[in-house]
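> This structure is in structure tokens; I'll ask about it shortly.
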Amino acid sequence: MLHSTEHSVEGEIGALQTNRTFTDLFGSNLSLTGAKTTLRYQWDEQQLYGDLSVFVPQTQRQTNSVYDQEQTPFLQHLSMGYEMNSKKSKIKTQIGYFKAQNLTEIMAEDASLKGNSTQMNEISGRPEFRYQFEGVDFKTKIKLRQDRSLQPLLELQAVLNQQAPQDYRLAYLIKSGFENQIRPLHWGLSYSFFKVEPDAVISTLNQSFYESNWIGQKIEGELKLKNKNILRLSASERTPLYLSPYQDHEYYFSFNWESEYELL
């Protein structure tokens, strides 16, 4: 990394977290082999940045058959963003361009169970993606801090795969809520609605709750006590957009508790 008072150039290579690059709808917190270069310009409490990333999605298994002859898959992403972090508000906005190449039949076989459209390869007899993945993604998150007792937040995400046909190419997420930051008890509540059309995203790479061919909603609550005990509760449901033999109307209830122990 090269850094000055206002400018910085950063480079990374290795196992990189995809959620630092993509939206939740397109890429979850997977670690994929890749390389990333970021340029930043900072002033006061704001910054502009641009980054270029290249990932190599791993296949789910390896064999000594036809898969050894497949080309290496690549996932490229170019984005520009703006961040502001002040005492009154926090804003982060990013727009990007993505392109996937040489996605393997093993990925397609797994994705066919998670909502993506596939077809049979005439040579190997294995599933392959029906459509390519190339398009734009967008995310923005706004949090207001004027009142510590009640801080509203709004989050928007969208993905558009220009290679898929109409009604199969769009995914979006709308999330709103609020947080209470008065010590020692912090708590928050949020509601989100999402829709992921069958071929807007690669269902083997994004978060398992979203995948593709789903429409649904989620309510989440969080309670923190002195940042040492965190309790999270969520309830959600999702329904397939199009009839699928592997997907059905589902309900989820989740409970999570984190605690920090101090050794005396």
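Ordering of the structure tokens sets the chain letters (A, B, ...), residue numbers begin anew at 1 in every chain, and ligands are numbered from 1 in the order given.
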DSSP on the backbone: what in range 219-258 of chain A comes out strand (DSSP E or B), as an mmCIF file with C-alpha atoms, in the first residue's frame?

```
data_model
loop_
_atom_site.group_PDB
_atom_site.id
_atom_site.type_symbol
_atom_site.label_atom_id
_atom_site.label_comp_id
_atom_site.auth_asym_id
_atom_site.auth_seq_id
_atom_site.Cartn_x
_atom_site.Cartn_y
_atom_site.Cartn_z
ATOM 1 C CA ILE A 219 -37.430 -8.794 10.184
ATOM 2 C CA GLU A 220 -34.303 -8.550 12.331
ATOM 3 C CA GLY A 221 -33.768 -7.379 15.892
ATOM 4 C CA GLU A 222 -30.488 -6.873 17.758
ATOM 5 C CA LEU A 223 -29.731 -6.169 21.424
ATOM 6 C CA LYS A 224 -26.277 -5.264 22.806
ATOM 7 C CA LEU A 225 -25.341 -4.961 26.474
ATOM 8 C CA ASN A 229 -23.395 -9.673 25.010
ATOM 9 C CA ILE A 230 -25.141 -9.472 21.657
ATOM 10 C CA LEU A 231 -28.523 -11.085 21.013
ATOM 11 C CA ARG A 232 -29.970 -11.289 17.487
ATOM 12 C CA LEU A 233 -33.407 -12.521 16.454
ATOM 13 C CA SER A 234 -34.814 -12.737 12.945
ATOM 14 C CA ALA A 235 -37.902 -14.055 11.184
ATOM 15 C CA SER A 236 -38.182 -14.321 7.412
ATOM 16 C CA GLU A 237 -40.030 -15.969 4.574
ATOM 17 C CA ARG A 238 -39.446 -16.420 0.860
ATOM 18 C CA THR A 239 -41.418 -17.760 -2.117
ATOM 19 C CA PRO A 240 -40.195 -18.942 -5.562
ATOM 20 C CA GLU A 250 -40.034 -21.382 3.179
ATOM 21 C CA TYR A 251 -40.067 -19.794 6.636
ATOM 22 C CA TYR A 252 -36.959 -19.085 8.734
ATOM 23 C CA PHE A 253 -36.533 -18.245 12.407
ATOM 24 C CA SER A 254 -33.054 -17.493 13.715
ATOM 25 C CA PHE A 255 -31.534 -16.938 17.169
ATOM 26 C CA ASN A 256 -27.925 -15.870 17.701
ATOM 27 C CA TRP A 257 -26.066 -14.997 20.911
ATOM 28 C CA GLU A 258 -22.503 -13.702 21.180
#
```
> For Ser192 in chain A, which residue out of A:Val159, A:Leu154, A:Leu48, A:Leu170 is the nearest one, using only C-alpha atoms?
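Looking only at the distances to Ser192 in chain A, the closest residue turns out to be A:Leu154.
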> Nearest residue to Ser149 in chain A out of A:Glu105, A:Asp199, A:Glu179, A:Asp51, using only C-alpha atoms?
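Between A:Glu105, A:Asp199, A:Glu179, A:Asp51, the residue approaching Ser149 in chain A most closely is A:Glu179.
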> Please list as a list in words every residue within 9 Å of Phe22 in chain A, counting only C-alpha atoms and excluding residues in the same chain fewer than 3 positions away.
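Everything that qualifies: Thr18, Asn19, Leu25, Phe26, Gly27, Ser28, His77, Gly96, Asp137, Phe138 and Lys139 of chain A.
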> From a backbone DSSP assignment, name each residue in range 18-156 of chain A labelled helix (DSSP H, G or I), as a JSON list (two decimals) with C-alpha atoms, in the first residue's frame.

```json
[["chain", "number", "residue", "atom", "x", "y", "z"],
["A", 18, "THR", "CA", -16.21, -10.88, -1.75],
["A", 19, "ASN", "CA", -18.57, -8.86, 0.46],
["A", 20, "ARG", "CA", -16.02, -6.01, 0.42],
["A", 66, "VAL", "CA", -13.64, -33.61, -18.39],
["A", 67, "TYR", "CA", -13.47, -30.87, -15.73],
["A", 68, "ASP", "CA", -9.67, -30.85, -15.96],
["A", 69, "GLN", "CA", -10.02, -29.56, -19.52],
["A", 105, "GLU", "CA", -20.26, -27.03, -15.33],
["A", 106, "ILE", "CA", -19.76, -27.95, -11.68],
["A", 107, "MET", "CA", -20.87, -24.44, -10.67],
["A", 108, "ALA", "CA", -23.84, -24.69, -13.04],
["A", 109, "GLU", "CA", -24.85, -28.07, -11.62],
["A", 110, "ASP", "CA", -24.95, -26.60, -8.11],
["A", 111, "ALA", "CA", -26.64, -23.39, -9.32]]
```
> State, in Å with one decimal place, the distance from CA of Lys36 in chain A to CA of Glu10 in chain A.
8.1 Å
> Give me, as a PyMOL selection string, all polymer residues having an atom no more than 12 Å from Ser203 in chain A, counting only C-alpha atoms and skipping those fewer than 2 positions away in the same chain.
chain A and resi 24-28+107-118+129+133+171+196-201+205-214
> Would you save the residues of that selection, restricted to N, CA and C atoms, as a short mmCIF file (atom, residue, chain, number, x, y, z; two decimals), in the first residue's frame?

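Heads up, here's the output in again-v7.cif:
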```cif
data_model
loop_
_atom_site.label_atom_id
_atom_site.label_comp_id
_atom_site.auth_asym_id
_atom_site.auth_seq_id
_atom_site.Cartn_x
_atom_site.Cartn_y
_atom_site.Cartn_z
N ASP A 24 -24.63 -7.64 -1.20
CA ASP A 24 -25.03 -8.91 -0.57
C ASP A 24 -25.77 -9.80 -1.56
N LEU A 25 -26.49 -9.18 -2.49
CA LEU A 25 -27.26 -9.95 -3.47
C LEU A 25 -26.35 -10.69 -4.45
N PHE A 26 -25.18 -10.13 -4.74
CA PHE A 26 -24.32 -10.74 -5.75
C PHE A 26 -23.21 -11.61 -5.15
N GLY A 27 -22.62 -11.18 -4.06
CA GLY A 27 -21.54 -11.94 -3.45
C GLY A 27 -21.60 -11.90 -1.94
N SER A 28 -21.54 -13.06 -1.31
CA SER A 28 -21.60 -13.12 0.15
C SER A 28 -20.21 -12.98 0.72
N MET A 107 -20.14 -25.56 -11.24
CA MET A 107 -20.87 -24.44 -10.67
C MET A 107 -22.30 -24.41 -11.18
N ALA A 108 -22.50 -24.69 -12.46
CA ALA A 108 -23.84 -24.69 -13.04
C ALA A 108 -24.71 -25.80 -12.45
N GLU A 109 -24.10 -26.95 -12.20
CA GLU A 109 -24.85 -28.07 -11.62
C GLU A 109 -25.37 -27.71 -10.24
N ASP A 110 -24.54 -27.05 -9.44
CA ASP A 110 -24.95 -26.60 -8.11
C ASP A 110 -25.97 -25.47 -8.23
N ALA A 111 -25.74 -24.54 -9.16
CA ALA A 111 -26.64 -23.39 -9.32
C ALA A 111 -28.02 -23.80 -9.81
N SER A 112 -28.13 -24.91 -10.54
CA SER A 112 -29.42 -25.36 -11.04
C SER A 112 -30.35 -25.75 -9.90
N LEU A 113 -29.79 -26.09 -8.74
CA LEU A 113 -30.59 -26.44 -7.57
C LEU A 113 -30.97 -25.20 -6.76
N LYS A 114 -30.38 -24.03 -7.11
CA LYS A 114 -30.58 -22.82 -6.33
C LYS A 114 -31.23 -21.70 -7.14
N GLY A 115 -31.87 -22.06 -8.27
CA GLY A 115 -32.69 -21.09 -8.96
C GLY A 115 -32.20 -20.60 -10.30
N ASN A 116 -30.90 -20.79 -10.65
CA ASN A 116 -30.41 -20.33 -11.95
C ASN A 116 -30.94 -21.21 -13.08
N SER A 117 -31.07 -20.62 -14.28
CA SER A 117 -31.49 -21.37 -15.47
C SER A 117 -30.28 -22.08 -16.07
N THR A 118 -30.42 -23.36 -16.33
CA THR A 118 -29.33 -24.14 -16.93
C THR A 118 -29.87 -24.97 -18.09
N PHE A 129 -24.68 -23.06 -17.62
CA PHE A 129 -25.52 -21.88 -17.48
C PHE A 129 -26.17 -21.53 -18.81
N PHE A 133 -23.25 -13.83 -17.48
CA PHE A 133 -23.45 -12.85 -16.42
C PHE A 133 -22.55 -11.64 -16.68
N ALA A 171 -32.34 -8.03 -9.70
CA ALA A 171 -32.42 -8.34 -8.28
C ALA A 171 -32.34 -7.04 -7.50
N VAL A 196 -35.17 -11.52 -6.24
CA VAL A 196 -34.03 -11.95 -7.04
C VAL A 196 -34.55 -12.82 -8.18
N GLU A 197 -34.58 -12.26 -9.37
CA GLU A 197 -35.05 -13.03 -10.53
C GLU A 197 -34.04 -14.11 -10.88
N PRO A 198 -34.44 -15.18 -11.60
CA PRO A 198 -33.64 -16.39 -11.73
C PRO A 198 -32.20 -16.21 -12.18
N ASP A 199 -31.92 -15.27 -13.11
CA ASP A 199 -30.57 -15.19 -13.66
C ASP A 199 -29.95 -13.81 -13.48
N ALA A 200 -30.38 -13.10 -12.43
CA ALA A 200 -29.78 -11.81 -12.13
C ALA A 200 -28.41 -11.99 -11.47
N VAL A 201 -28.24 -13.06 -10.71
CA VAL A 201 -27.00 -13.30 -9.96
C VAL A 201 -26.58 -14.75 -10.12
N LEU A 205 -22.68 -18.05 -5.48
CA LEU A 205 -21.74 -17.08 -4.90
C LEU A 205 -22.39 -16.13 -3.90
N ASN A 206 -23.68 -15.86 -4.03
CA ASN A 206 -24.28 -14.88 -3.12
C ASN A 206 -24.72 -15.56 -1.82
N GLN A 207 -25.30 -14.78 -0.91
CA GLN A 207 -25.72 -15.32 0.37
C GLN A 207 -26.80 -16.38 0.18
N SER A 208 -26.74 -17.43 0.99
CA SER A 208 -27.63 -18.57 0.80
C SER A 208 -29.10 -18.21 0.97
N PHE A 209 -29.40 -17.16 1.72
CA PHE A 209 -30.80 -16.78 1.91
C PHE A 209 -31.38 -16.17 0.64
N TYR A 210 -30.56 -15.46 -0.13
CA TYR A 210 -31.05 -14.80 -1.34
C TYR A 210 -31.03 -15.74 -2.54
N GLU A 211 -29.86 -16.34 -2.85
CA GLU A 211 -29.72 -17.22 -4.01
C GLU A 211 -30.42 -16.58 -5.21
N SER A 212 -31.29 -17.29 -5.92
CA SER A 212 -32.04 -16.69 -7.04
C SER A 212 -33.40 -17.36 -7.17
N ASN A 213 -34.29 -16.71 -7.95
CA ASN A 213 -35.67 -17.15 -8.14
C ASN A 213 -36.46 -17.08 -6.84
N TRP A 214 -36.20 -16.03 -6.03
CA TRP A 214 -36.91 -15.86 -4.76
C TRP A 214 -37.45 -14.45 -4.62
#
```
> Compare A:Phe55, A:Tyr49, A:Tyr82, A:Trp187 by their minimum atom-to-atom distance to Ala100 in chain A, counting only C-alpha atoms, and give me the closest one.
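Smallest separation from Ala100 in chain A among the options: A:Phe55.
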> Given the choices A:Ile91, A:Leu144, A:Leu75, A:Ile215, which gets closest to Asn180 in chain A if the distance is worked out from only C-alpha atoms?
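Among the listed residues, the smallest separation from Asn180 in chain A belongs to A:Leu144.
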> To one decimal place in Å, what is the distance between CA of Gln47 in chain A and CA of Gly11 in chain A?
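Result for CA of Gln47 in chain A versus CA of Gly11 in chain A: 17.6 Å, one decimal.
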